[in-house]
$ cat input_10.txt   # compact mmCIF, C-alpha atoms
# COMPACT_ATOMS: atom_id res chain seq x y z
CA MET Z 79 3.26 -24.91 23.85
CA MET Z 80 5.07 -28.26 23.80
CA PRO Z 81 5.44 -31.01 26.44
CA ILE Z 82 9.06 -31.99 27.06
CA VAL Z 83 8.89 -35.58 28.16
CA ARG Z 84 12.19 -36.94 26.82
CA GLY Z 85 15.09 -36.04 29.08
CA ILE Z 86 12.94 -34.06 31.51
CA ALA Z 87 13.72 -36.14 34.59
CA SER Z 88 17.43 -35.36 34.81
CA LEU Z 89 16.86 -31.73 33.89
CA ALA Z 90 14.15 -31.45 36.51
CA VAL Z 91 16.48 -32.68 39.24
CA VAL Z 92 19.07 -30.07 38.31
CA THR Z 93 16.47 -27.31 38.19
CA MET Z 94 14.78 -28.21 41.47
CA LEU Z 95 18.10 -28.41 43.27
CA GLY Z 96 19.58 -25.29 41.69
CA ALA Z 97 16.74 -22.78 41.39
CA PRO Z 98 13.03 -22.54 42.16
CA ALA Z 99 10.63 -22.76 39.22
CA SER Z 100 8.62 -19.82 40.56
CA ALA Z 101 10.76 -17.09 38.98
CA SER Z 102 11.58 -13.96 40.95
CA ARG Z 103 11.73 -10.44 39.54
CA VAL Z 104 14.96 -9.75 37.66
CA HIS Z 105 16.85 -6.57 38.52
CA LEU Z 106 18.89 -4.66 35.94
CA HIS Z 107 20.15 -1.13 36.55
CA ARG Z 108 18.58 1.38 34.20
CA PRO Z 109 21.10 2.95 31.83
CA PRO Z 110 21.93 6.65 32.35
CA ARG Z 111 21.33 7.08 28.60
CA GLY Z 112 18.80 5.16 26.56
CA PHE Z 113 15.92 3.15 27.99
CA GLN Z 114 14.86 -0.10 29.62
CA MET Z 115 12.05 -2.43 28.54
CA ARG Z 116 10.47 -5.41 30.31
CA MET Z 117 8.61 -8.17 28.48
CA GLY Z 118 5.01 -8.95 29.36
CA LYS Z 119 4.25 -11.92 31.57
CA PHE Z 120 3.58 -15.45 30.33
CA THR Z 121 3.52 -18.81 32.10
CA VAL Z 122 5.09 -22.12 31.10
CA PRO Z 123 3.27 -25.18 32.53
CA PRO Z 124 5.26 -27.88 34.34
CA ALA Z 125 7.33 -30.15 32.06
CA HIS Z 126 6.64 -27.96 29.03
CA GLU Z 127 8.47 -25.51 26.82
CA ARG Z 128 6.94 -22.42 25.31
CA GLU Z 129 8.11 -19.98 22.63
CA VAL Z 130 6.24 -16.68 22.54
CA CYS Z 131 6.40 -13.23 20.98
CA GLU Z 132 5.23 -9.79 22.01
CA TYR Z 133 4.88 -6.78 19.71
CA ARG Z 134 6.15 -3.51 21.19
CA THR Z 135 7.39 -0.11 20.06
CA PHE Z 136 10.49 1.56 21.43
CA PRO Z 137 10.14 5.04 23.01
CA ASN Z 138 12.75 6.76 20.79
CA GLU Z 139 11.15 9.76 19.05
CA LYS Z 140 14.02 10.15 16.55
CA PRO Z 141 16.30 7.68 14.73
CA MET Z 142 18.64 6.13 17.27
CA ASP Z 143 22.10 4.60 16.90
CA VAL Z 144 22.47 1.79 19.43
CA GLN Z 145 25.91 1.12 20.89
CA GLN Z 146 24.93 -1.53 23.44
CA PHE Z 147 22.24 -4.04 24.39
CA GLU Z 148 22.09 -5.74 27.78
CA PHE Z 149 19.65 -8.60 28.45
CA LYS Z 150 18.79 -10.27 31.76
CA MET Z 151 16.25 -12.97 32.63
CA ASN Z 152 15.49 -15.93 34.90
CA ALA Z 153 16.95 -19.41 34.61
CA GLY Z 154 15.26 -21.77 32.15
CA THR Z 155 15.69 -19.66 29.04
CA HIS Z 156 16.62 -21.34 25.77
CA HIS Z 157 16.97 -18.01 23.99
CA PHE Z 158 15.73 -14.46 23.84
CA ALA Z 159 15.74 -12.64 20.50
CA LEU Z 160 14.93 -9.03 19.72
CA TRP Z 161 13.55 -8.66 16.18
CA ALA Z 162 13.08 -5.27 14.51
CA TYR Z 163 10.28 -4.78 12.01
CA PHE Z 164 11.47 -2.53 9.16
CA GLY Z 165 8.33 -2.65 7.01
CA GLY Z 166 6.09 0.32 6.33
CA ASP Z 167 2.95 -0.61 8.30
CA ARG Z 168 2.36 1.46 11.45
CA ASN Z 169 -1.27 0.48 12.00
CA ALA Z 170 -1.41 -1.08 15.47
CA ALA Z 171 -4.45 -3.13 14.43
CA ASP Z 172 -2.23 -5.14 12.06
CA PHE Z 173 -0.03 -6.39 14.89
CA PRO Z 174 -0.81 -8.91 17.66
CA LYS Z 175 -1.76 -7.62 21.09
CA GLY Z 176 -0.16 -9.17 24.15
CA ILE Z 177 1.68 -12.49 24.18
CA ALA Z 178 1.39 -14.63 21.03
CA GLU Z 179 2.57 -18.19 20.37
CA ALA Z 180 4.95 -18.17 17.40
CA PRO Z 181 8.40 -19.76 16.95
CA GLY Z 182 10.75 -17.01 15.82
CA CYS Z 183 7.74 -14.64 15.59
CA ILE Z 184 7.19 -16.01 12.08
CA GLY Z 185 3.83 -15.10 10.56
CA LEU Z 186 2.99 -12.37 13.05
CA GLY Z 187 2.09 -8.86 11.97
CA PRO Z 188 1.35 -7.33 8.55
CA ARG Z 189 1.97 -8.83 5.12
CA ASP Z 190 5.47 -7.39 4.92
CA SER Z 191 6.49 -8.85 8.28
CA TYR Z 192 9.41 -10.54 6.48
CA GLN Z 193 10.97 -7.05 6.48
CA ARG Z 194 12.70 -7.66 9.78
CA ALA Z 195 16.15 -8.19 11.21
CA LEU Z 196 17.62 -9.50 14.42
CA LEU Z 197 18.87 -6.63 16.57
CA GLY Z 198 20.38 -8.74 19.33
CA GLY Z 199 19.62 -11.47 21.80
CA ALA Z 200 20.70 -13.70 24.64
CA PRO Z 201 21.40 -17.44 24.69
CA ASN Z 202 21.83 -17.25 28.47
CA THR Z 203 20.36 -15.47 31.48
CA HIS Z 204 22.64 -12.42 31.14
CA GLU Z 205 24.13 -11.12 27.90
CA LEU Z 206 25.91 -7.89 27.01
CA THR Z 207 26.39 -6.90 23.36
CA ARG Z 208 28.54 -3.82 22.74
CA PHE Z 209 29.53 -2.77 19.23
CA PRO Z 210 33.09 -1.63 18.52
CA PRO Z 211 33.90 2.10 18.51
CA GLY Z 212 32.48 3.85 15.47
CA ILE Z 213 29.86 1.15 14.79
CA ALA Z 214 26.24 1.17 15.96
CA LEU Z 215 22.90 -0.33 15.01
CA ARG Z 216 20.33 2.10 13.57
CA LEU Z 217 16.74 2.17 14.87
CA ASP Z 218 13.83 3.95 13.23
CA PRO Z 219 11.76 6.42 15.28
CA HIS Z 220 9.52 4.49 17.68
CA GLN Z 221 11.08 1.32 16.30
CA PRO Z 222 8.56 -1.55 16.10
CA VAL Z 223 10.00 -4.74 17.58
CA PHE Z 224 9.06 -8.31 18.41
CA LEU Z 225 10.28 -9.68 21.74
CA ASN Z 226 10.87 -13.42 21.20
CA SER Z 227 11.33 -15.67 24.25
CA HIS Z 228 11.75 -19.44 24.38
CA TYR Z 229 11.58 -21.01 27.86
CA ILE Z 230 11.82 -24.53 29.23
CA ASN Z 231 10.13 -25.45 32.51
CA ALA Z 232 11.96 -28.48 33.85
CA SER Z 233 9.88 -28.65 37.03
CA LEU Z 234 7.41 -31.52 37.06
CA THR Z 235 5.01 -29.73 39.41
CA THR Z 236 5.40 -25.94 39.39
CA PRO Z 237 4.46 -23.47 36.63
CA LEU Z 238 7.19 -21.02 35.57
CA THR Z 239 6.51 -17.33 34.93
CA PRO Z 240 9.74 -15.78 33.60
CA ASP Z 241 10.84 -12.18 34.04
CA ILE Z 242 12.78 -10.65 31.12
CA VAL Z 243 14.30 -7.17 31.00
CA PHE Z 244 16.77 -5.42 28.69
CA ASN Z 245 18.55 -2.09 28.25
CA VAL Z 246 19.13 -0.19 25.02
CA VAL Z 247 22.05 2.28 25.14
CA PRO Z 248 22.71 4.81 22.33
CA ALA Z 249 26.09 5.73 20.91
CA ARG Z 250 27.37 9.19 21.72
CA LYS Z 251 26.52 11.84 19.17
CA GLY Z 252 29.04 12.22 16.36
CA THR Z 253 30.87 8.93 17.01
CA VAL Z 254 29.14 6.61 14.50
CA LEU Z 255 30.91 5.87 11.21
CA HIS Z 256 29.09 2.68 10.16
CA HIS Z 257 25.76 1.02 10.92
CA ALA Z 258 25.78 -2.67 11.82
CA GLU Z 259 23.31 -5.16 10.37
CA ASN Z 260 22.65 -8.74 11.43
CA MET Z 261 23.07 -11.88 9.34
CA THR Z 262 21.38 -15.18 10.21
CA ILE Z 263 22.29 -17.99 7.80
CA GLY Z 264 20.67 -21.41 8.23
CA ALA Z 265 21.31 -24.99 7.09
CA TYR Z 266 18.16 -27.11 7.32
CA ASP Z 267 19.19 -30.51 5.92
CA ILE Z 268 19.61 -32.15 9.34
CA HIS Z 269 19.24 -35.91 9.86
CA ILE Z 270 20.72 -37.47 13.02
CA PRO Z 271 20.11 -41.24 13.36
CA PRO Z 272 19.26 -42.77 16.76
CA LEU Z 273 22.24 -43.45 19.05
CA SER Z 274 24.62 -41.96 16.51
CA THR Z 275 26.56 -38.91 15.40
CA ALA Z 276 26.02 -36.79 12.31
CA SER Z 277 27.14 -33.58 10.66
CA THR Z 278 26.00 -31.28 7.89
CA THR Z 279 28.06 -28.84 5.83
CA ALA Z 280 26.62 -25.90 3.93
CA ASP Z 281 27.93 -23.06 1.76
CA TRP Z 282 26.74 -19.48 1.73
CA VAL Z 283 27.96 -17.17 -1.02
CA VAL Z 284 28.44 -13.55 0.06
CA PRO Z 285 25.84 -11.62 -2.03
CA PHE Z 286 27.51 -8.17 -1.93
CA ASP Z 287 30.59 -6.52 -0.47
CA LEU Z 288 30.44 -6.40 3.31
CA ASN Z 289 32.60 -6.00 6.40
CA VAL Z 290 32.08 -8.66 9.08
CA ILE Z 291 32.61 -7.54 12.68
CA GLN Z 292 31.23 -10.57 14.57
CA LEU Z 293 30.53 -14.28 14.04
CA SER Z 294 28.70 -16.79 16.21
CA SER Z 295 26.51 -19.91 15.88
CA HIS Z 296 23.32 -21.56 17.10
CA GLN Z 297 22.53 -25.22 17.80
CA HIS Z 298 20.35 -27.14 20.23
CA LYS Z 299 21.28 -29.59 22.98
CA ARG Z 300 22.73 -32.33 20.74
CA GLY Z 301 25.14 -29.91 19.11
CA THR Z 302 28.80 -30.70 19.72
CA ARG Z 303 30.60 -28.30 17.40
CA VAL Z 304 30.25 -25.61 14.72
CA ARG Z 305 33.13 -24.70 12.40
CA ILE Z 306 33.22 -21.87 9.87
CA ASN Z 307 35.69 -21.77 6.98
CA LEU Z 308 36.18 -18.95 4.51
CA THR Z 309 37.15 -18.79 0.84
CA ALA Z 310 38.01 -15.20 -0.10
CA GLY Z 311 39.25 -14.01 -3.48
CA GLY Z 312 39.40 -17.64 -4.62
CA GLN Z 313 41.82 -18.52 -1.82
CA ASP Z 314 41.06 -20.98 0.97
CA MET Z 315 41.55 -18.97 4.17
CA GLY Z 316 40.96 -22.03 6.36
CA GLN Z 317 38.94 -22.19 9.55
CA ILE Z 318 38.10 -18.81 11.08
CA PHE Z 319 35.59 -19.83 13.79
CA GLU Z 320 34.87 -22.78 16.08
CA ASN Z 321 32.38 -23.32 18.89
CA ASP Z 322 31.99 -26.49 20.98
CA ASP Z 323 29.46 -25.28 23.57
CA TRP Z 324 25.95 -25.11 22.14
CA ASP Z 325 24.54 -23.62 25.36
CA HIS Z 326 27.11 -20.80 25.58
CA PRO Z 327 28.08 -20.10 21.97
CA TYR Z 328 31.37 -18.32 21.38
CA GLU Z 329 31.18 -14.80 19.96
CA TYR Z 330 34.12 -13.89 17.73
CA TRP Z 331 34.54 -10.13 17.49
CA THR Z 332 37.12 -9.31 14.84
CA VAL Z 333 40.04 -7.04 15.79
CA THR Z 334 39.61 -5.32 12.43
CA PRO Z 335 36.58 -5.81 10.14
CA LEU Z 336 36.77 -8.91 7.94
CA ARG Z 337 36.52 -7.43 4.45
CA LEU Z 338 34.58 -9.70 2.07
CA LYS Z 339 33.76 -9.28 -1.61
CA GLN Z 340 30.73 -10.49 -3.51
CA GLY Z 341 31.28 -14.16 -4.38
CA ASP Z 342 33.39 -15.07 -1.35
CA VAL Z 343 32.12 -18.19 0.40
CA PHE Z 344 31.43 -19.14 4.00
CA ARG Z 345 31.37 -22.91 4.56
CA PHE Z 346 30.02 -23.96 7.95
CA THR Z 347 29.72 -27.43 9.47
CA CYS Z 348 27.52 -28.48 12.38
CA ASP Z 349 28.18 -31.69 14.35
CA TRP Z 350 25.77 -33.53 16.65
CA LYS Z 351 25.60 -36.53 18.96
CA ASN Z 352 22.21 -38.20 19.43
CA ASN Z 353 21.97 -40.35 22.57
CA ASP Z 354 18.25 -40.98 22.10
CA ASP Z 355 16.48 -43.92 20.45
CA HIS Z 356 14.77 -41.80 17.80
CA PRO Z 357 16.03 -39.80 14.82
CA VAL Z 358 16.33 -36.02 15.09
CA THR Z 359 15.76 -33.46 12.32
CA PHE Z 360 15.45 -29.70 12.00
CA GLY Z 361 12.75 -28.09 14.12
CA VAL Z 362 11.90 -25.29 16.50
CA THR Z 363 11.60 -27.18 19.81
CA THR Z 364 14.51 -28.02 22.08
CA ASP Z 365 14.07 -31.70 21.18
CA ASP Z 366 14.76 -30.82 17.52
CA GLU Z 367 18.02 -29.46 16.10
CA MET Z 368 19.29 -26.36 14.31
CA CYS Z 369 22.40 -25.21 12.45
CA PHE Z 370 22.91 -21.47 12.08
CA MET Z 371 25.82 -19.15 11.39
CA THR Z 372 25.11 -15.69 12.78
CA GLY Z 373 26.93 -12.39 12.97
CA TYR Z 374 27.07 -8.66 12.39
CA TYR Z 375 28.48 -6.72 9.44
CA TYR Z 376 28.29 -3.30 7.85
CA ARG Z 377 27.98 -2.26 4.20
CA ASP Z 378 30.19 0.26 2.43
CA ASP Z 379 27.22 2.12 0.95
CA GLU Z 380 24.25 2.69 3.27
CA SER Z 381 22.58 5.26 1.02
CA SER Z 382 20.33 2.65 -0.62
CA PRO Z 383 18.99 -0.81 0.29
CA PRO Z 384 21.22 -3.76 -0.62
CA PRO Z 385 20.52 -5.75 -3.80
CA GLN Z 386 18.28 -8.78 -3.50
CA ALA Z 387 20.40 -11.68 -2.28
CA PRO Z 388 19.73 -15.22 -3.61
CA SER Z 389 18.08 -17.57 -1.09
CA CYS Z 390 17.46 -14.65 1.27
CA PHE Z 391 14.32 -12.84 2.38
CA LEU Z 392 13.82 -9.51 0.64
CA GLN Z 393 14.91 -6.97 3.27
CA ASP Z 394 16.14 -3.38 3.37
CA ARG Z 395 18.45 -4.19 6.28
CA GLY Z 396 20.06 -7.40 7.48
CA LEU Z 397 20.41 -10.84 5.92
CA LEU Z 398 18.10 -13.77 6.73
CA CYS Z 399 19.20 -16.51 4.33
CA ASN Z 400 19.31 -20.22 3.53
CA ALA Z 401 22.68 -21.87 2.89
CA THR Z 402 23.22 -24.60 0.28
CA THR Z 403 23.91 -28.05 1.71
CA VAL Z 404 27.20 -29.56 0.51
CA HIS Z 405 27.04 -32.84 2.41
$ encode --input "input_10.txt" --output "structure tokens"
Amino acid sequence: MMPIVRGIASLAVVTMLGAPASASRVHLHRPPRGFQMRMGKFTVPPAHEREVCEYRTFPNEKPMDVQQFEFKMNAGTHHFALWAYFGGDRNAADFPKGIAEAPGCIGLGPRDSYQRALLGGAPNTHELTRFPPGIALRLDPHQPVFLNSHYINASLTTPLTPDIVFNVVPARKGTVLHHAENMTIGAYDIHIPPLSTASTTADWVVPFDLNVIQLSSHQHKRGTRVRINLTAGGQDMGQIFENDDWDHPYEYWTVTPLRLKQGDVFRFTCDWKNNDDHPVTFGVTTDDEMCFMTGYYYRDDESSPPPQAPSCFLQDRGLLCNATTVH
């Protein structure tokens, strides 16, 4: 739990004028197919931010192919992320009970908790993610998940207790041709001088053949732009993605899958503007900064786990990797 002193005054005025800090219950229609889940309650003190996680299991008794996620929550959210645990431990005693403090849910759960992947999430109060026809995201029976919420309470006087709910909708039987997996690629060499601008550029080499169906990005409040360029087959394909709104990041869904071969290179650049009198580096609070390229893809061969990718966590599904800083 972190105090948010810098910049809180102006944000507090906006919040107090626009919405009460005492959050009301969020309503989301239950899906006719699938299920709905609501996160447990937690409270953010006045002028603080809090990032928490909750371990849950989904009610699906059999493997489930997800066609759509829909997330809804109160104002004040920085992000909500839904992480799937794909390790082999099913002993409830090895997982936290209730709400736990942990940025990105890192370090929670059993020893193989690195065996996880991002299923979906919401940078805003309402987010709908629907995969293209023929593509869905595979869940294990009674899929273990971590619900990861990061909230900012801009009120100087009133505690905030958020309400977070989401729907999980399956694909129709017999329609799925490919299973989507998530990629989260980070650049961590971030140094923004006081009262200045800065940028960092990083390369990520595609570790095996894959088909990209979506690209997006993640920064914090000083972020001004993210650009993604692609080199494929040794040819510079130029810029394929740009986002200039850190708070509402653009989601680029390809018309046809972007076919990439092992050795192709994504180069992404993050730009920032620092209006404060102190330097800013990478970190997990909203007063720190981040630079991530995110997206969904599918593999040609799903019959076996992918090969170990350099600078990536060892996972059976999904890619959680570090990029190499260029400048």
$ residues_around --input "input_10.txt" --residues "region 333-335 of chain Z" --least-positions-apart "6" --cutoff "8 Å" --atoms "all atoms listed in the file" --output "PyMOL selection string"
chain Z and resi 289-291
$ residues_around --input "input_10.txt" --residues "Gln317 (chain Z)" --least-positions-apart "3" --cutoff "9 Å" --atoms "only C-alpha atoms" --output "PyMOL selection string"
chain Z and resi 305-308+314+320
$ write_last_selection --input "input_10.txt" --atoms "C-alpha atoms" --output "short mmCIF file (atom, residue, chain, number, x, y, z; two decimals), keeping the file's coordinate frame"
data_model
loop_
_atom_site.label_atom_id
_atom_site.label_comp_id
_atom_site.auth_asym_id
_atom_site.auth_seq_id
_atom_site.Cartn_x
_atom_site.Cartn_y
_atom_site.Cartn_z
CA ARG Z 305 33.13 -24.70 12.40
CA ILE Z 306 33.22 -21.87 9.87
CA ASN Z 307 35.69 -21.77 6.98
CA LEU Z 308 36.18 -18.95 4.51
CA ASP Z 314 41.06 -20.98 0.97
CA GLU Z 320 34.87 -22.78 16.08
#
$ residues_around --input "input_10.txt" --residues "Pro201 (chain Z)" --least-positions-apart "4" --cutoff "10 Å" --atoms "only C-alpha atoms" --output "PyMOL selection string"
chain Z and resi 149+155-159+205+228+296+324-327
$ closest_atom_pairs --input "input_10.txt" --of "region 230-303 of chain Z" --to "region 346-363 of chain Z" --cutoff "7 Å" --atoms "all atoms listed in the file" --output "CSV"
residue,atom,partner,partner_atom,distance
Z:Tyr266,CA,Z:Phe360,CA,6.0
Z:Ile268,CA,Z:Thr359,CA,5.0
Z:His269,CA,Z:Thr359,CA,4.9
Z:Ile270,CA,Z:Val358,CA,5.1
Z:Pro271,CA,Z:Pro357,CA,4.6
Z:Pro272,CA,Z:His356,CA,4.7
Z:Leu273,CA,Z:Asn353,CA,4.7
Z:Ser274,CA,Z:Asn352,CA,5.3
Z:Thr275,CA,Z:Lys351,CA,4.4
Z:Ala276,CA,Z:Trp350,CA,5.4
Z:Ser277,CA,Z:Asp349,CA,4.3
Z:Thr278,CA,Z:Cys348,CA,5.5
Z:Thr279,CA,Z:Thr347,CA,4.2
Z:Ala280,CA,Z:Phe346,CA,5.6
Z:Asp281,CA,Z:Phe346,CA,6.6
Z:Arg300,CA,Z:Trp350,CA,5.2
Z:Gly301,CA,Z:Trp350,CA,4.4
Z:Thr302,CA,Z:Trp350,CA,5.2
Z:Arg303,CA,Z:Asp349,CA,5.2
$ atom_distance --input "input_10.txt" --atom1 "CA of Ala200 (chain Z)" --atom2 "CA of Pro388 (chain Z)"
28.3 Å
$ atom_distance --input "input_10.txt" --atom1 "CA of Pro385 (chain Z)" --atom2 "CA of His220 (chain Z)"
26.2 Å
$ atom_distance --input "input_10.txt" --atom1 "CA of Leu398 (chain Z)" --atom2 "CA of Glu367 (chain Z)"
18.3 Å
$ residues_near_point --input "input_10.txt" --point "(24.0, -8.6, 10.9)" --cutoff "9 Å" --atoms "all atoms listed in the file" --output "VMD selection string"
chain Z and resid 195 to 197 258 to 262 290 to 292 372 to 376 395 to 398
$ closest_residue --input "input_10.txt" --among "Z:Arg134, Z:Arg103, Z:Arg108, Z:Arg377" --to "Lys175 (chain Z)" --atoms "all atoms listed in the file"
Z:Arg134
$ residues_around --input "input_10.txt" --residues "Met151 (chain Z)" --least-positions-apart "2" --cutoff "7 Å" --atoms "only C-alpha atoms" --output "list of chain:residue names"
Z:Val104, Z:Phe149, Z:Ala153, Z:Thr203, Z:His204, Z:Asp241, Z:Ile242, Z:Val243
$ write_last_selection --input "input_10.txt" --atoms "C-alpha atoms" --output "PDB file, keeping the file's coordinate frame"
ATOM      1  CA  VAL Z 104      14.960  -9.750  37.660  1.00  0.00           C
ATOM      2  CA  PHE Z 149      19.650  -8.600  28.450  1.00  0.00           C
ATOM      3  CA  ALA Z 153      16.950 -19.410  34.610  1.00  0.00           C
ATOM      4  CA  THR Z 203      20.360 -15.470  31.480  1.00  0.00           C
ATOM      5  CA  HIS Z 204      22.640 -12.420  31.140  1.00  0.00           C
ATOM      6  CA  ASP Z 241      10.840 -12.180  34.040  1.00  0.00           C
ATOM      7  CA  ILE Z 242      12.780 -10.650  31.120  1.00  0.00           C
ATOM      8  CA  VAL Z 243      14.300  -7.170  31.000  1.00  0.00           C
TER       9      VAL Z 243
END
$ closest_residue --input "input_10.txt" --among "Z:Thr253, Z:Asn226, Z:Asn245, Z:Gln193" --to "Asp143 (chain Z)" --atoms "only C-alpha atoms"
Z:Thr253
$ decode --input "input_10.txt" --residues "region 179-203 of chain Z" --atoms "N, CA and C atoms" --output "PDB file, in the first residue's frame"
ATOM      1  N   GLU Z 179      -1.306  -8.575  -0.786  1.00  0.00           N
ATOM      2  CA  GLU Z 179      -0.588  -7.452  -1.389  1.00  0.00           C
ATOM      3  C   GLU Z 179       0.554  -8.004  -2.240  1.00  0.00           C
ATOM      4  N   ALA Z 180       0.520  -7.736  -3.547  1.00  0.00           N
ATOM      5  CA  ALA Z 180       1.584  -8.245  -4.418  1.00  0.00           C
ATOM      6  C   ALA Z 180       1.466  -7.629  -5.802  1.00  0.00           C
ATOM      7  N   PRO Z 181       2.392  -6.726  -6.173  1.00  0.00           N
ATOM      8  CA  PRO Z 181       2.373  -6.178  -7.536  1.00  0.00           C
ATOM      9  C   PRO Z 181       2.494  -7.287  -8.576  1.00  0.00           C
ATOM     10  N   GLY Z 182       1.533  -7.335  -9.493  1.00  0.00           N
ATOM     11  CA  GLY Z 182       1.553  -8.344 -10.539  1.00  0.00           C
ATOM     12  C   GLY Z 182       1.393  -9.765 -10.046  1.00  0.00           C
ATOM     13  N   CYS Z 183       1.009  -9.932  -8.770  1.00  0.00           N
ATOM     14  CA  CYS Z 183       0.858 -11.258  -8.143  1.00  0.00           C
ATOM     15  C   CYS Z 183       2.171 -12.031  -8.129  1.00  0.00           C
ATOM     16  N   ILE Z 184       3.289 -11.331  -8.242  1.00  0.00           N
ATOM     17  CA  ILE Z 184       4.598 -11.989  -8.276  1.00  0.00           C
ATOM     18  C   ILE Z 184       4.940 -12.546  -6.899  1.00  0.00           C
ATOM     19  N   GLY Z 185       5.387 -13.797  -6.867  1.00  0.00           N
ATOM     20  CA  GLY Z 185       5.802 -14.423  -5.621  1.00  0.00           C
ATOM     21  C   GLY Z 185       4.693 -15.111  -4.857  1.00  0.00           C
ATOM     22  N   LEU Z 186       3.470 -15.049  -5.349  1.00  0.00           N
ATOM     23  CA  LEU Z 186       2.367 -15.711  -4.665  1.00  0.00           C
ATOM     24  C   LEU Z 186       2.211 -17.142  -5.167  1.00  0.00           C
ATOM     25  N   GLY Z 187       1.803 -18.031  -4.272  1.00  0.00           N
ATOM     26  CA  GLY Z 187       1.507 -19.389  -4.691  1.00  0.00           C
ATOM     27  C   GLY Z 187       2.694 -20.324  -4.581  1.00  0.00           C
ATOM     28  N   PRO Z 188       2.615 -21.481  -5.240  1.00  0.00           N
ATOM     29  CA  PRO Z 188       3.642 -22.523  -5.121  1.00  0.00           C
ATOM     30  C   PRO Z 188       4.938 -22.151  -5.833  1.00  0.00           C
ATOM     31  N   ARG Z 189       5.909 -23.055  -5.758  1.00  0.00           N
ATOM     32  CA  ARG Z 189       7.235 -22.778  -6.320  1.00  0.00           C
ATOM     33  C   ARG Z 189       7.209 -22.581  -7.829  1.00  0.00           C
ATOM     34  N   ASP Z 190       6.268 -23.239  -8.497  1.00  0.00           N
ATOM     35  CA  ASP Z 190       6.198 -23.087  -9.953  1.00  0.00           C
ATOM     36  C   ASP Z 190       5.178 -22.020 -10.365  1.00  0.00           C
ATOM     37  N   SER Z 191       5.015 -21.009  -9.519  1.00  0.00           N
ATOM     38  CA  SER Z 191       4.037 -19.951  -9.816  1.00  0.00           C
ATOM     39  C   SER Z 191       4.425 -19.135 -11.046  1.00  0.00           C
ATOM     40  N   TYR Z 192       5.678 -19.273 -11.511  1.00  0.00           N
ATOM     41  CA  TYR Z 192       6.074 -18.611 -12.760  1.00  0.00           C
ATOM     42  C   TYR Z 192       5.366 -19.235 -13.962  1.00  0.00           C
ATOM     43  N   GLN Z 193       4.780 -20.417 -13.777  1.00  0.00           N
ATOM     44  CA  GLN Z 193       4.012 -21.063 -14.848  1.00  0.00           C
ATOM     45  C   GLN Z 193       2.632 -20.395 -14.919  1.00  0.00           C
ATOM     46  N   ARG Z 194       2.620 -19.220 -15.498  1.00  0.00           N
ATOM     47  CA  ARG Z 194       1.373 -18.465 -15.552  1.00  0.00           C
ATOM     48  C   ARG Z 194       1.352 -17.647 -16.828  1.00  0.00           C
ATOM     49  N   ALA Z 195       0.174 -17.193 -17.180  1.00  0.00           N
ATOM     50  CA  ALA Z 195       0.022 -16.360 -18.373  1.00  0.00           C
ATOM     51  C   ALA Z 195      -1.154 -15.421 -18.167  1.00  0.00           C
ATOM     52  N   LEU Z 196      -1.073 -14.286 -18.810  1.00  0.00           N
ATOM     53  CA  LEU Z 196      -2.151 -13.306 -18.736  1.00  0.00           C
ATOM     54  C   LEU Z 196      -3.290 -13.747 -19.648  1.00  0.00           C
ATOM     55  N   LEU Z 197      -4.468 -13.926 -19.076  1.00  0.00           N
ATOM     56  CA  LEU Z 197      -5.639 -14.286 -19.878  1.00  0.00           C
ATOM     57  C   LEU Z 197      -6.258 -13.056 -20.525  1.00  0.00           C
ATOM     58  N   GLY Z 198      -6.399 -12.011 -19.754  1.00  0.00           N
ATOM     59  CA  GLY Z 198      -7.007 -10.774 -20.240  1.00  0.00           C
ATOM     60  C   GLY Z 198      -6.978  -9.743 -19.135  1.00  0.00           C
ATOM     61  N   GLY Z 199      -7.519  -8.571 -19.421  1.00  0.00           N
ATOM     62  CA  GLY Z 199      -7.516  -7.525 -18.416  1.00  0.00           C
ATOM     63  C   GLY Z 199      -8.187  -6.266 -18.910  1.00  0.00           C
ATOM     64  N   ALA Z 200      -8.153  -5.252 -18.043  1.00  0.00           N
ATOM     65  CA  ALA Z 200      -8.837  -4.001 -18.343  1.00  0.00           C
ATOM     66  C   ALA Z 200      -8.008  -2.821 -17.856  1.00  0.00           C
ATOM     67  N   PRO Z 201      -7.630  -1.905 -18.765  1.00  0.00           N
ATOM     68  CA  PRO Z 201      -6.964  -0.679 -18.342  1.00  0.00           C
ATOM     69  C   PRO Z 201      -7.953   0.393 -17.912  1.00  0.00           C
ATOM     70  N   ASN Z 202      -9.243   0.138 -18.121  1.00  0.00           N
ATOM     71  CA  ASN Z 202     -10.286   1.116 -17.826  1.00  0.00           C
ATOM     72  C   ASN Z 202     -11.416   0.452 -17.042  1.00  0.00           C
ATOM     73  N   THR Z 203     -12.476   1.206 -16.803  1.00  0.00           N
ATOM     74  CA  THR Z 203     -13.564   0.696 -15.976  1.00  0.00           C
ATOM     75  C   THR Z 203     -14.432  -0.338 -16.683  1.00  0.00           C
TER      76      THR Z 203
END
